[in-house]
>>> print(open('run39.txt').read())   # compact mmCIF, C-alpha atoms
# COMPACT_ATOMS: atom_id res chain seq x y z
CA THR X 1 12.43 -11.37 20.37
CA GLU X 2 9.67 -13.81 21.22
CA PRO X 3 6.15 -12.68 20.37
CA GLY X 4 4.11 -11.34 23.24
CA PRO X 5 0.57 -10.18 23.79
CA PRO X 6 -0.37 -6.75 22.49
CA PRO X 7 -1.07 -4.03 25.02
CA GLY X 8 -4.74 -3.56 25.79
CA SER X 9 -6.85 -2.08 23.07
CA ARG X 10 -9.98 -0.25 24.04
CA PRO X 11 -12.97 -2.19 22.73
CA LEU X 12 -16.35 -0.62 23.18
CA PRO X 13 -17.66 -1.41 26.66
CA GLY X 14 -19.72 -4.54 27.03
CA PRO X 15 -20.31 -7.21 29.65
CA ALA X 16 -18.09 -9.77 27.89
CA GLN X 17 -15.01 -7.56 27.50
CA ALA X 18 -13.33 -7.83 30.90
CA PRO X 19 -12.31 -11.51 30.91
CA GLU X 20 -11.11 -11.38 27.30
CA ALA X 21 -9.05 -8.28 28.02
CA GLN X 22 -7.40 -10.06 30.92
CA ARG X 23 -6.64 -13.14 28.85
CA ALA X 24 -5.14 -10.95 26.09
CA HIS X 25 -2.29 -10.06 28.44
CA GLN X 26 -1.29 -13.66 29.05
CA ALA X 27 1.56 -15.23 27.12
CA PRO X 28 0.35 -16.42 23.73
CA GLN X 29 0.08 -20.11 22.94
CA ALA X 30 0.28 -21.76 19.57
CA PRO X 31 -3.23 -22.08 18.17
CA GLU X 32 -4.86 -25.41 19.00
CA ALA X 33 -7.74 -24.95 16.56
CA PRO X 34 -9.14 -22.12 14.45
CA GLY X 35 -11.34 -20.93 17.30
CA HIS X 36 -8.39 -20.72 19.73
CA TRP X 37 -6.36 -18.12 17.88
CA ARG X 38 -5.39 -15.16 20.02
CA PRO X 39 -3.87 -11.77 19.23
CA TRP X 40 -0.11 -11.39 19.31
CA ARG X 41 2.65 -8.87 18.87
CA PHE X 42 6.27 -9.37 17.87
CA ARG X 43 8.91 -6.92 19.02
CA MET X 44 11.92 -6.21 16.81
CA SER X 45 15.35 -5.16 18.02
CA ASN X 46 15.41 -2.45 15.33
CA ASP X 47 13.01 0.01 13.73
CA VAL X 48 10.19 -1.29 11.54
CA TRP X 49 8.98 0.47 8.40
CA GLY X 50 6.45 0.14 5.64
CA THR X 51 3.41 -2.07 5.24
CA PRO X 52 3.52 -5.73 6.32
CA VAL X 53 3.17 -8.28 3.51
CA VAL X 54 1.01 -11.35 4.11
CA ASP X 55 1.56 -14.28 1.76
CA GLY X 56 0.12 -17.68 2.67
CA ASP X 57 0.89 -18.51 6.30
CA LEU X 58 3.71 -16.00 6.66
CA LEU X 59 3.90 -12.29 7.31
CA TYR X 60 6.95 -10.40 6.04
CA VAL X 61 8.09 -7.12 7.55
CA THR X 62 11.12 -4.95 6.84
CA SER X 63 13.36 -3.82 9.67
CA PHE X 64 17.13 -3.79 9.26
CA GLU X 65 16.45 -7.34 8.13
CA VAL X 66 13.43 -9.02 6.59
CA HIS X 67 11.54 -11.00 9.23
CA ALA X 68 9.11 -13.79 8.35
CA LEU X 69 6.55 -14.41 11.08
CA ASP X 70 3.97 -17.16 11.39
CA THR X 71 0.58 -15.48 10.95
CA ALA X 72 -1.09 -17.77 13.49
CA SER X 73 1.34 -17.56 16.40
CA GLY X 74 3.60 -14.59 15.66
CA ARG X 75 6.67 -16.78 16.00
CA ARG X 76 9.55 -15.83 13.74
CA GLN X 77 10.34 -18.47 11.14
CA PHE X 78 13.49 -16.78 9.87
CA LYS X 79 15.17 -13.44 9.35
CA THR X 80 17.57 -12.35 6.65
CA ARG X 81 21.06 -10.93 7.04
CA ASP X 82 20.31 -8.07 4.66
CA VAL X 83 18.50 -4.80 5.04
CA ALA X 84 15.56 -4.36 2.63
CA TRP X 85 14.90 -0.74 1.72
CA SER X 86 12.60 -2.08 -1.00
CA MET X 87 10.76 -5.42 -0.92
CA ALA X 88 8.15 -7.37 -2.88
CA VAL X 89 6.98 -10.94 -2.27
CA ALA X 90 5.86 -12.88 -5.35
CA GLY X 91 6.21 -16.31 -6.93
CA GLY X 92 7.48 -17.95 -3.76
CA ARG X 93 10.33 -15.44 -3.48
CA ILE X 94 11.23 -12.36 -1.48
CA HIS X 95 12.65 -9.80 -3.92
CA ALA X 96 14.50 -6.99 -2.18
CA SER X 97 17.26 -4.44 -2.38
CA ASP X 98 19.59 -2.92 0.20
CA GLY X 99 20.38 -0.10 -2.25
CA PRO X 100 23.38 -1.24 -4.33
CA THR X 101 22.44 -4.95 -4.22
CA LEU X 102 19.40 -6.75 -5.63
CA TYR X 103 18.62 -10.19 -4.25
CA ALA X 104 15.96 -12.89 -4.08
CA LEU X 105 15.33 -15.30 -1.21
CA ASP X 106 13.11 -18.34 -0.85
CA ALA X 107 9.93 -17.05 0.75
CA LEU X 108 9.47 -20.15 2.94
CA ASP X 109 12.93 -20.56 4.47
CA GLY X 110 14.88 -17.41 3.58
CA SER X 111 17.60 -19.26 1.65
CA GLU X 112 19.28 -17.24 -1.06
CA ARG X 113 18.09 -17.76 -4.64
CA TRP X 114 20.24 -15.15 -6.37
CA ARG X 115 22.10 -11.91 -5.73
CA LEU X 116 23.66 -9.24 -7.91
CA HIS X 117 25.20 -5.79 -7.69
CA THR X 118 23.47 -2.99 -9.54
CA ASP X 119 25.33 -0.06 -11.01
CA ALA X 120 23.39 2.46 -8.94
CA TRP X 121 21.23 2.72 -5.82
CA VAL X 122 17.82 1.04 -6.17
CA TYR X 123 15.09 3.40 -4.94
CA SER X 124 12.05 1.53 -6.28
CA LEU X 125 11.25 -2.15 -6.81
CA GLN X 126 8.12 -3.87 -8.11
CA VAL X 127 7.38 -7.40 -9.33
CA ASP X 128 4.64 -8.70 -11.62
CA ARG X 129 4.31 -11.81 -13.79
CA GLY X 130 7.89 -12.95 -13.22
CA THR X 131 9.54 -9.61 -13.97
CA VAL X 132 11.31 -7.48 -11.36
CA VAL X 133 11.38 -3.81 -12.33
CA THR X 134 13.75 -1.44 -10.52
CA GLY X 135 14.35 2.28 -10.64
CA THR X 136 17.91 3.40 -9.84
CA ARG X 137 19.22 6.83 -8.96
CA GLY X 138 20.38 8.86 -11.92
CA GLY X 139 17.53 7.87 -14.25
CA GLY X 140 18.04 4.13 -14.73
CA VAL X 141 15.21 1.62 -15.11
CA GLN X 142 15.88 -2.12 -15.30
CA GLY X 143 13.92 -5.30 -15.94
CA TRP X 144 15.13 -8.57 -14.37
CA GLU X 145 14.05 -12.20 -14.64
CA ALA X 146 12.53 -12.89 -11.22
CA SER X 147 13.51 -16.55 -11.11
CA ASN X 148 17.26 -16.14 -11.61
CA GLY X 149 18.14 -12.43 -11.67
CA ALA X 150 19.11 -12.31 -15.35
CA LYS X 151 18.98 -8.77 -16.70
CA LEU X 152 16.30 -8.51 -19.37
CA TRP X 153 16.75 -4.86 -20.36
CA GLU X 154 17.85 -1.46 -19.12
CA ILE X 155 17.13 2.12 -20.13
CA THR X 156 18.58 5.43 -19.00
CA GLY X 157 17.27 8.97 -18.96
CA ALA X 158 14.16 8.43 -16.81
CA GLN X 159 13.03 11.29 -14.59
CA THR X 160 15.31 12.07 -11.66
CA ASP X 161 13.21 14.72 -9.91
CA PHE X 162 11.29 12.22 -7.76
CA GLU X 163 13.45 9.26 -6.80
CA THR X 164 10.92 7.75 -4.40
CA PRO X 165 9.03 4.43 -4.49
CA GLU X 166 5.83 6.16 -5.59
CA GLY X 167 7.65 8.28 -8.18
CA GLY X 168 9.51 5.39 -9.78
CA PRO X 169 8.61 3.09 -12.68
CA ALA X 170 5.41 1.06 -12.29
CA VAL X 171 4.85 -2.47 -13.59
CA HIS X 172 1.36 -3.84 -14.10
CA GLY X 173 0.80 -7.07 -15.97
CA ASP X 174 3.09 -7.06 -19.02
CA THR X 175 3.53 -3.28 -19.14
CA VAL X 176 6.01 -0.94 -17.42
CA TYR X 177 5.18 2.76 -17.16
CA VAL X 178 8.14 5.17 -17.10
CA TRP X 179 8.28 8.99 -17.01
CA ARG X 180 11.15 9.81 -19.36
CA ASP X 181 12.11 12.72 -21.62
CA ALA X 182 8.94 14.60 -20.65
CA ARG X 183 6.83 11.68 -21.88
CA LEU X 184 4.93 8.86 -20.23
CA GLN X 185 6.22 5.70 -21.87
CA ALA X 186 4.63 2.25 -21.88
CA LEU X 187 7.29 -0.47 -22.25
CA ASP X 188 7.01 -4.21 -22.75
CA ALA X 189 7.91 -5.67 -19.35
CA ARG X 190 9.96 -8.51 -20.82
CA THR X 191 11.89 -6.64 -23.52
CA GLY X 192 11.83 -2.97 -22.52
CA VAL X 193 10.64 -2.08 -26.04
CA GLU X 194 8.44 1.01 -26.16
CA ARG X 195 4.81 0.36 -27.10
CA TRP X 196 3.67 3.97 -27.00
CA SER X 197 4.43 7.28 -25.36
CA TYR X 198 2.48 10.41 -24.53
CA PRO X 199 3.92 13.94 -24.06
CA VAL X 200 2.86 14.43 -20.46
CA GLY X 201 5.49 17.13 -19.90
CA ASP X 202 8.45 17.61 -17.58
CA ALA X 203 8.39 18.25 -13.83
CA ALA X 204 7.68 21.97 -14.32
CA SER X 205 4.67 21.31 -16.52
CA CYS X 206 3.43 18.71 -14.01
CA ALA X 207 3.44 21.29 -11.19
CA GLN X 208 6.58 19.81 -9.60
CA VAL X 209 4.81 16.64 -8.45
CA PRO X 210 5.42 13.09 -9.74
CA VAL X 211 3.24 11.58 -12.43
CA ARG X 212 1.15 8.78 -10.89
CA VAL X 213 -0.46 5.92 -12.85
CA ALA X 214 -3.31 3.53 -12.06
CA PRO X 215 -3.79 0.76 -14.66
CA ALA X 216 -7.36 -0.53 -14.52
CA GLU X 217 -9.32 -3.61 -15.53
CA ASP X 218 -11.26 -1.66 -18.18
CA GLY X 219 -8.19 -1.58 -20.43
CA CYS X 220 -7.18 1.97 -19.52
CA VAL X 221 -4.44 3.49 -17.44
CA TYR X 222 -5.55 6.53 -15.46
CA VAL X 223 -2.82 9.11 -15.04
CA ALA X 224 -2.52 12.00 -12.58
CA ALA X 225 -0.04 14.58 -13.91
CA GLY X 226 0.01 17.78 -11.88
CA THR X 227 -3.51 19.22 -12.17
CA ARG X 228 -4.50 16.89 -15.01
CA VAL X 229 -6.10 13.47 -15.12
CA LEU X 230 -5.77 11.44 -18.33
CA CYS X 231 -7.46 8.25 -19.49
CA VAL X 232 -5.12 6.37 -21.85
CA ASP X 233 -5.90 3.14 -23.68
CA ILE X 234 -3.31 0.63 -22.43
CA ALA X 235 -3.06 -1.21 -25.76
CA SER X 236 -2.83 1.73 -28.18
CA GLY X 237 -1.75 4.74 -26.12
CA HIS X 238 -4.77 6.66 -27.40
CA VAL X 239 -5.94 9.33 -24.93
CA ARG X 240 -9.68 8.92 -24.46
CA TRP X 241 -10.18 12.00 -22.32
CA HIS X 242 -8.46 14.42 -19.97
CA PHE X 243 -9.72 16.38 -16.98
CA GLU X 244 -8.27 19.59 -15.57
CA ALA X 245 -8.54 20.47 -11.87
CA PRO X 246 -7.63 23.71 -10.06
CA ALA X 247 -5.15 22.02 -7.70
CA VAL X 248 -2.45 19.36 -8.03
CA PHE X 249 -2.89 15.65 -7.39
CA LEU X 250 -0.27 13.95 -5.21
CA ALA X 251 -1.97 10.54 -5.31
CA PRO X 252 -2.91 8.28 -8.22
CA PRO X 253 -6.54 7.86 -9.32
CA ALA X 254 -8.63 4.96 -8.01
CA PHE X 255 -10.82 3.04 -10.47
CA ALA X 256 -14.07 1.33 -9.46
CA PRO X 257 -15.67 -1.00 -12.04
CA GLY X 258 -19.29 -0.82 -13.08
CA PRO X 259 -21.70 1.89 -14.21
CA ALA X 260 -21.84 5.26 -12.48
CA VAL X 261 -25.29 4.53 -11.07
CA THR X 262 -23.76 1.79 -8.90
CA GLY X 263 -20.64 3.75 -7.92
CA GLY X 264 -18.34 2.90 -10.80
CA GLY X 265 -15.92 5.54 -11.99
CA VAL X 266 -12.58 7.20 -11.31
CA TYR X 267 -12.04 8.81 -7.91
CA LEU X 268 -9.20 10.94 -6.63
CA ALA X 269 -8.37 13.71 -4.18
CA ASP X 270 -6.17 16.76 -4.74
CA HIS X 271 -3.79 18.26 -2.19
CA LEU X 272 -6.47 20.70 -1.00
CA GLY X 273 -8.64 17.73 -0.06
CA THR X 274 -11.23 18.08 -2.83
CA VAL X 275 -12.50 14.63 -3.80
CA TYR X 276 -13.55 14.14 -7.44
CA ALA X 277 -15.75 11.49 -9.02
CA LEU X 278 -15.10 11.30 -12.76
CA ASP X 279 -17.10 9.36 -15.30
CA ALA X 280 -14.76 6.64 -16.58
CA THR X 281 -16.16 6.87 -20.11
CA THR X 282 -16.20 10.64 -20.63
CA GLY X 283 -13.99 12.13 -17.91
CA LYS X 284 -16.75 14.52 -16.81
CA ASP X 285 -16.86 15.14 -13.07
CA ARG X 286 -20.04 13.74 -11.57
CA TRP X 287 -19.39 15.47 -8.26
CA ARG X 288 -16.67 17.10 -6.21
CA ILE X 289 -16.66 17.43 -2.42
CA ALA X 290 -14.26 19.43 -0.24
CA THR X 291 -12.65 17.79 2.80
CA GLU X 292 -9.47 19.28 4.29
CA PRO X 293 -5.88 19.71 3.04
CA ARG X 294 -4.28 16.38 2.21
CA GLN X 295 -0.57 15.64 1.90
CA SER X 296 -1.05 11.89 1.48
CA THR X 297 0.35 10.25 -1.66
CA GLU X 298 -2.05 7.31 -1.20
CA PRO X 299 -5.15 6.89 -3.40
CA VAL X 300 -8.64 7.17 -2.00
CA LEU X 301 -10.32 3.83 -1.25
CA VAL X 302 -13.54 2.84 -3.02
CA ALA X 303 -15.36 -0.11 -1.43
CA ALA X 304 -18.98 -1.25 -1.20
CA GLY X 305 -20.36 1.95 -2.71
CA ASN X 306 -18.37 4.22 -0.41
CA VAL X 307 -15.35 6.44 -0.98
CA HIS X 308 -13.05 6.54 2.06
CA VAL X 309 -10.46 9.30 2.08
CA GLY X 310 -7.95 10.22 4.77
CA SER X 311 -7.49 13.99 4.79
CA GLY X 312 -5.39 15.51 7.53
CA SER X 313 -6.28 13.79 10.79
CA ALA X 314 -9.78 12.69 9.72
CA LEU X 315 -11.29 9.86 7.72
CA TYR X 316 -14.14 10.98 5.49
CA THR X 317 -16.63 8.57 3.95
CA LEU X 318 -18.71 9.71 0.98
CA ASP X 319 -21.42 8.02 -1.08
CA ALA X 320 -19.73 6.94 -4.32
CA VAL X 321 -22.80 7.63 -6.46
CA THR X 322 -23.85 11.03 -5.14
CA GLY X 323 -20.83 12.32 -3.19
CA THR X 324 -23.07 12.83 -0.15
CA PRO X 325 -20.91 12.81 3.01
CA LYS X 326 -21.87 9.87 5.21
CA TRP X 327 -19.59 10.39 8.18
CA ARG X 328 -16.31 11.85 9.37
CA PHE X 329 -14.10 10.37 12.07
CA ALA X 330 -11.40 12.51 13.67
CA ALA X 331 -8.23 10.75 14.82
CA GLY X 332 -5.65 12.32 17.10
CA GLY X 333 -3.04 12.75 14.35
CA GLU X 334 -2.56 12.62 10.61
CA LEU X 335 -3.72 9.43 8.93
CA ILE X 336 -0.92 7.16 7.70
CA GLY X 337 -1.09 4.98 4.60
CA THR X 338 -4.35 3.75 3.10
CA PRO X 339 -7.34 2.51 5.10
CA VAL X 340 -8.38 -1.09 4.49
CA VAL X 341 -12.01 -2.25 4.36
CA ALA X 342 -12.95 -5.86 5.11
CA ASP X 343 -16.16 -7.47 6.33
CA GLY X 344 -17.93 -4.18 6.92
CA ARG X 345 -15.13 -2.64 8.96
CA VAL X 346 -12.52 -0.03 8.05
CA HIS X 347 -9.08 -0.19 9.68
CA PHE X 348 -6.49 2.60 9.57
CA GLY X 349 -3.46 3.90 11.44
CA SER X 350 -2.56 7.37 12.58
CA ALA X 351 0.43 9.45 13.63
CA ASP X 352 -1.17 9.55 17.12
CA HIS X 353 0.20 5.98 17.59
CA VAL X 354 -3.28 4.42 17.37
CA LEU X 355 -4.77 1.74 15.10
CA TYR X 356 -8.50 2.36 14.64
CA THR X 357 -11.32 0.06 13.57
CA LEU X 358 -14.65 1.63 12.61
CA ASP X 359 -17.97 0.43 11.27
CA ALA X 360 -17.64 1.11 7.53
CA THR X 361 -21.29 2.07 7.14
CA GLY X 362 -21.88 4.35 10.10
CA GLY X 363 -18.36 5.32 11.19
CA GLN X 364 -18.82 4.17 14.79
CA LEU X 365 -15.60 3.27 16.64
CA ARG X 366 -15.46 -0.48 17.22
CA TRP X 367 -12.07 -0.65 18.92
CA LYS X 368 -8.69 1.02 18.93
CA LEU X 369 -5.19 -0.06 19.88
CA ALA X 370 -2.75 2.45 21.34
CA THR X 371 0.85 1.52 20.42
CA GLY X 372 4.12 3.10 21.44
CA GLY X 373 4.78 4.86 18.13
CA GLU X 374 3.31 6.00 14.83
CA ILE X 375 1.65 3.30 12.75
CA THR X 376 3.80 2.69 9.65
CA GLY X 377 2.48 2.03 6.17
CA SER X 378 -1.02 0.60 5.90
CA PRO X 379 -2.71 -2.15 7.90
CA VAL X 380 -3.46 -5.48 6.21
CA ALA X 381 -6.68 -7.46 6.81
CA ARG X 382 -6.78 -11.21 6.11
CA ASN X 383 -9.21 -13.89 7.30
CA GLY X 384 -10.57 -11.89 10.22
CA VAL X 385 -7.15 -10.69 11.40
CA VAL X 386 -5.65 -7.19 11.10
CA TYR X 387 -1.86 -6.86 10.89
CA ALA X 388 -0.08 -3.56 11.48
CA CYS X 389 3.41 -2.23 12.17
CA SER X 390 4.33 0.57 14.54
CA LYS X 391 7.40 2.70 15.16
CA ASP X 392 7.47 1.16 18.64
CA ARG X 393 9.32 -1.65 16.77
CA CYS X 394 6.37 -4.02 17.04
CA VAL X 395 4.22 -5.97 14.60
CA TYR X 396 0.65 -6.55 15.78
CA ALA X 397 -1.92 -9.18 14.83
CA LEU X 398 -5.39 -8.32 16.11
CA ASP X 399 -8.87 -9.76 15.93
CA ALA X 400 -10.67 -7.67 13.31
CA VAL X 401 -13.90 -7.73 15.31
CA LYS X 402 -12.64 -7.33 18.87
CA GLY X 403 -9.08 -6.01 18.77
CA THR X 404 -7.17 -7.75 21.56
CA ALA X 405 -10.25 -9.60 22.84
CA THR X 406 -10.01 -13.36 22.21
CA ASN X 407 -12.35 -16.32 21.65
CA ARG X 408 -12.90 -15.40 18.03
CA GLY X 409 -15.16 -17.88 16.32
CA ALA X 410 -13.69 -20.21 13.73
>>> encode(input="run39.txt", output="structure tokens")
Amino acid sequence: TEPGPPPGSRPLPGPAQAPEAQRAHQAPQAPEAPGHWRPWRFRMSNDVWGTPVVDGDLLYVTSFEVHALDTASGRRQFKTRDVAWSMAVAGGRIHASDGPTLYALDALDGSERWRLHTDAWVYSLQVDRGTVVTGTRGGGVQGWEASNGAKLWEITGAQTDFETPEGGPAVHGDTVYVWRDARLQALDARTGVERWSYPVGDAASCAQVPVRVAPAEDGCVYVAAGTRVLCVDIASGHVRWHFEAPAVFLAPPAFAPGPAVTGGGVYLADHLGTVYALDATTGKDRWRIATEPRQSTEPVLVAAGNVHVGSGSALYTLDAVTGTPKWRFAAGGELIGTPVVADGRVHFGSADHVLYTLDATGGQLRWKLATGGEITGSPVARNGVVYACSKDRCVYALDAVKGTATNRGA
């Protein structure tokens, strides 16, 4: 399907909005210069899912094929012949799986690099530093050479209670984290050799929720395991501290660098919607603030001294240092994915079919786009453009400042 203009968003009223809104409904043209870019949408013939991936000048989205769209014009550069239930773009390649098959394509033209059959259904796939790590049903975890598909290692016996992308093995840098035999194991990403393990417990002792990990730049991995939060030294496996909460955590912790007085620390929300700020050095809670029940498996977002958390159908913004609530914005449905903050604006999607853009400081609505279905995954903001997918089978590219209004400055 050729790209077309997005349906009208609802920018805040102003004298300059009418002509731009009219122009936004005209057929899009290829950009003549940076200042002539205009919003676009691309309609698929099949359902769209997940979060769009932007890499260089291309946007990748998973439908029953992988589609690569030009970020400037929305024109499709190629599509694959395979479904991608899992996908990661890295190193100039699209790494994906249709379940029983793992394959890699050239990210610029879609040509096949390699393909192999796995022994079980791939439910999770991540790539880092040239290693593809997959989780397969029945407790398998595999490491693959990203450039040619050679199998580097394989283990069995990993947890099988939560065979979901967020419950699967996680690769970060040269370390893979696996929940196996009631322990959290850290494996060498290239060899699969165990570096350390910690007895985190089985599913019952983790309150029947998956263990979630968040490796951080301070040399620690922060772990949410049921009602517990652990700080583990990545190199040695030494547990520096642990924190116990009254309710379970469905989402991983979020780490913000820097001292506590500037908003540094570890932040996370439990399923009741209580947001915690923990001291990264000691694990003591600096503050805790109640919001509303939260089923999201996405971490809270810490940006520019604020903590943004989607709980239920509202976005709450708290001061990272003090926990003081700054504002609350109520959407018409449950928030989907993770909000994204860029250039002083926060963008997020909702089950009410709407993509919202707010002022990140004051929470004022800047514009919103009503689509024909739930927003899927999380929006992506790059270079003044917001990209989002909807269950109306469309991918949208919108001006981060004005929505569908045009004449964005270079």
>>> closest_residue(input="run39.txt", among="X:Val275, X:Ala304, X:Ala120, X:Val61", to="Tyr396 (chain X)", atoms="only C-alpha atoms")
X:Val61
>>> residues_around(input="run39.txt", residues="Pro257 (chain X)", least_positions_apart="4", cutoff="12 Å", atoms="only C-alpha atoms", output="list in words")
Ala216, Glu217, Asp218, Gly219, Cys220, Val261, Thr262, Gly263, Gly264, Gly265, Val266, Tyr267, Asp279, Ala280, Thr281, Val302, Ala303, Ala304, Gly305 and Ala320 of chain X
>>> residues_around(input="run39.txt", residues="region 172-180 of chain X", least_positions_apart="6", cutoff="7 Å", atoms="all atoms listed in the file", output="mmCIF file with C-alpha atoms, keeping the file's coordinate frame")
data_model
loop_
_atom_site.group_PDB
_atom_site.id
_atom_site.type_symbol
_atom_site.label_atom_id
_atom_site.label_comp_id
_atom_site.auth_asym_id
_atom_site.auth_seq_id
_atom_site.Cartn_x
_atom_site.Cartn_y
_atom_site.Cartn_z
ATOM 1 C CA ASP X 128 4.640 -8.700 -11.620
ATOM 2 C CA ARG X 129 4.310 -11.810 -13.790
ATOM 3 C CA GLY X 157 17.270 8.970 -18.960
ATOM 4 C CA ALA X 158 14.160 8.430 -16.810
ATOM 5 C CA GLN X 159 13.030 11.290 -14.590
ATOM 6 C CA ALA X 186 4.630 2.250 -21.880
ATOM 7 C CA LEU X 187 7.290 -0.470 -22.250
ATOM 8 C CA ASP X 188 7.010 -4.210 -22.750
ATOM 9 C CA ALA X 189 7.910 -5.670 -19.350
ATOM 10 C CA PRO X 215 -3.790 0.760 -14.660
#
>>> closest_residue(input="run39.txt", among="X:Gln208, X:Ser313, X:Thr376, X:Gln126", to="Thr62 (chain X)", atoms="only C-alpha atoms")
X:Thr376
>>> closest_residue(input="run39.txt", among="X:Gly201, X:Gly192, X:Gly135, X:Gly130", to="Leu152 (chain X)", atoms="all atoms listed in the file")
X:Gly192
>>> residues_around(input="run39.txt", residues="Arg76 (chain X)", least_positions_apart="3", cutoff="8 Å", atoms="only C-alpha atoms", output="number ranges by chain")
X: 2, 67-70, 79
>>> atom_distance(input="run39.txt", atom1="CA of Val66 (chain X)", atom2="CA of Val340 (chain X)")
23.3 Å
>>> closest_residue(input="run39.txt", among="X:Asp285, X:Asp181, X:Asp359, X:Asp343", to="Gly323 (chain X)", atoms="all atoms listed in the file")
X:Asp285
>>> atom_distance(input="run39.txt", atom1="CA of Ile375 (chain X)", atom2="CA of Tyr222 (chain X)")
29.3 Å
>>> closest_residue(input="run39.txt", among="X:Thr338, X:Thr324, X:Ser147, X:Thr317", to="Gln364 (chain X)", atoms="only C-alpha atoms")
X:Thr317
>>> residues_around(input="run39.txt", residues="Asn383 (chain X)", least_positions_apart="5", cutoff="10 Å", atoms="all atoms listed in the file", output="VMD selection string")
chain X and resid 342 to 343 399 to 400
>>> atom_distance(input="run39.txt", atom1="CA of Leu365 (chain X)", atom2="CA of Gly377 (chain X)")
20.9 Å
>>> closest_residue(input="run39.txt", among="X:Glu166, X:Glu244, X:Asp55, X:Asp119", to="Arg93 (chain X)", atoms="only C-alpha atoms")
X:Asp55
>>> residues_around(input="run39.txt", residues="Ser111 (chain X)", least_positions_apart="4", cutoff="12 Å", atoms="all atoms listed in the file", output="ChimeraX atom specification")
/X:77-82,92-94,103-107,115
>>> axis_aligned_box(input="run39.txt", around="region 296-311 of chain X", padding_each_side="3 Å", output="AutoDock Vina command-line options")
--center_x -10.0 --center_y 6.4 --center_z 0.7 --size_x 26.7 --size_y 21.2 --size_z 14.2
>>> residues_near_point(input="run39.txt", point="(8.1, 10.3, -9.9)", cutoff="6 Å", atoms="all atoms listed in the file", output="number ranges by chain")
X: 162, 167-168, 210-211
>>> decode(input="run39.txt", residues="region 127-131 of chain X", atoms="all heavy atoms", output="PDB file, in the first residue's frame")
ATOM      1  N   VAL X 127      19.710  -9.267  20.538  1.00  0.00           N
ATOM      2  CA  VAL X 127      21.030  -9.203  19.917  1.00  0.00           C
ATOM      3  C   VAL X 127      21.850  -8.130  20.628  1.00  0.00           C
ATOM      4  O   VAL X 127      21.345  -7.046  20.920  1.00  0.00           O
ATOM      5  CB  VAL X 127      20.950  -8.857  18.413  1.00  0.00           C
ATOM      6  CG1 VAL X 127      22.342  -8.875  17.785  1.00  0.00           C
ATOM      7  CG2 VAL X 127      20.035  -9.815  17.676  1.00  0.00           C
ATOM      8  N   ASP X 128      23.120  -8.443  20.909  1.00  0.00           N
ATOM      9  CA  ASP X 128      24.043  -7.431  21.410  1.00  0.00           C
ATOM     10  C   ASP X 128      25.465  -7.878  21.088  1.00  0.00           C
ATOM     11  O   ASP X 128      25.803  -9.063  21.201  1.00  0.00           O
ATOM     12  CB  ASP X 128      23.875  -7.236  22.921  1.00  0.00           C
ATOM     13  CG  ASP X 128      24.395  -5.875  23.393  1.00  0.00           C
ATOM     14  OD1 ASP X 128      24.951  -5.127  22.558  1.00  0.00           O
ATOM     15  OD2 ASP X 128      24.251  -5.559  24.590  1.00  0.00           O
ATOM     16  N   ARG X 129      26.269  -6.937  20.642  1.00  0.00           N
ATOM     17  CA  ARG X 129      27.697  -7.164  20.376  1.00  0.00           C
ATOM     18  C   ARG X 129      27.946  -8.399  19.514  1.00  0.00           C
ATOM     19  O   ARG X 129      28.848  -9.203  19.795  1.00  0.00           O
ATOM     20  CB  ARG X 129      28.474  -7.267  21.677  1.00  0.00           C
ATOM     21  CG  ARG X 129      28.453  -5.973  22.494  1.00  0.00           C
ATOM     22  CD  ARG X 129      29.458  -6.023  23.631  1.00  0.00           C
ATOM     23  NE  ARG X 129      29.297  -4.881  24.513  1.00  0.00           N
ATOM     24  CZ  ARG X 129      30.012  -4.694  25.624  1.00  0.00           C
ATOM     25  NH1 ARG X 129      30.927  -5.589  25.968  1.00  0.00           N
ATOM     26  NH2 ARG X 129      29.816  -3.639  26.392  1.00  0.00           N
ATOM     27  N   GLY X 130      27.140  -8.594  18.492  1.00  0.00           N
ATOM     28  CA  GLY X 130      27.386  -9.684  17.550  1.00  0.00           C
ATOM     29  C   GLY X 130      26.915 -11.043  17.993  1.00  0.00           C
ATOM     30  O   GLY X 130      27.240 -12.050  17.352  1.00  0.00           O
ATOM     31  N   THR X 131      26.153 -11.106  19.098  1.00  0.00           N
ATOM     32  CA  THR X 131      25.602 -12.377  19.553  1.00  0.00           C
ATOM     33  C   THR X 131      24.082 -12.308  19.562  1.00  0.00           C
ATOM     34  O   THR X 131      23.510 -11.385  20.143  1.00  0.00           O
ATOM     35  CB  THR X 131      26.093 -12.728  20.971  1.00  0.00           C
ATOM     36  OG1 THR X 131      27.512 -12.679  21.010  1.00  0.00           O
ATOM     37  CG2 THR X 131      25.629 -14.119  21.371  1.00  0.00           C
TER      38      THR X 131
END
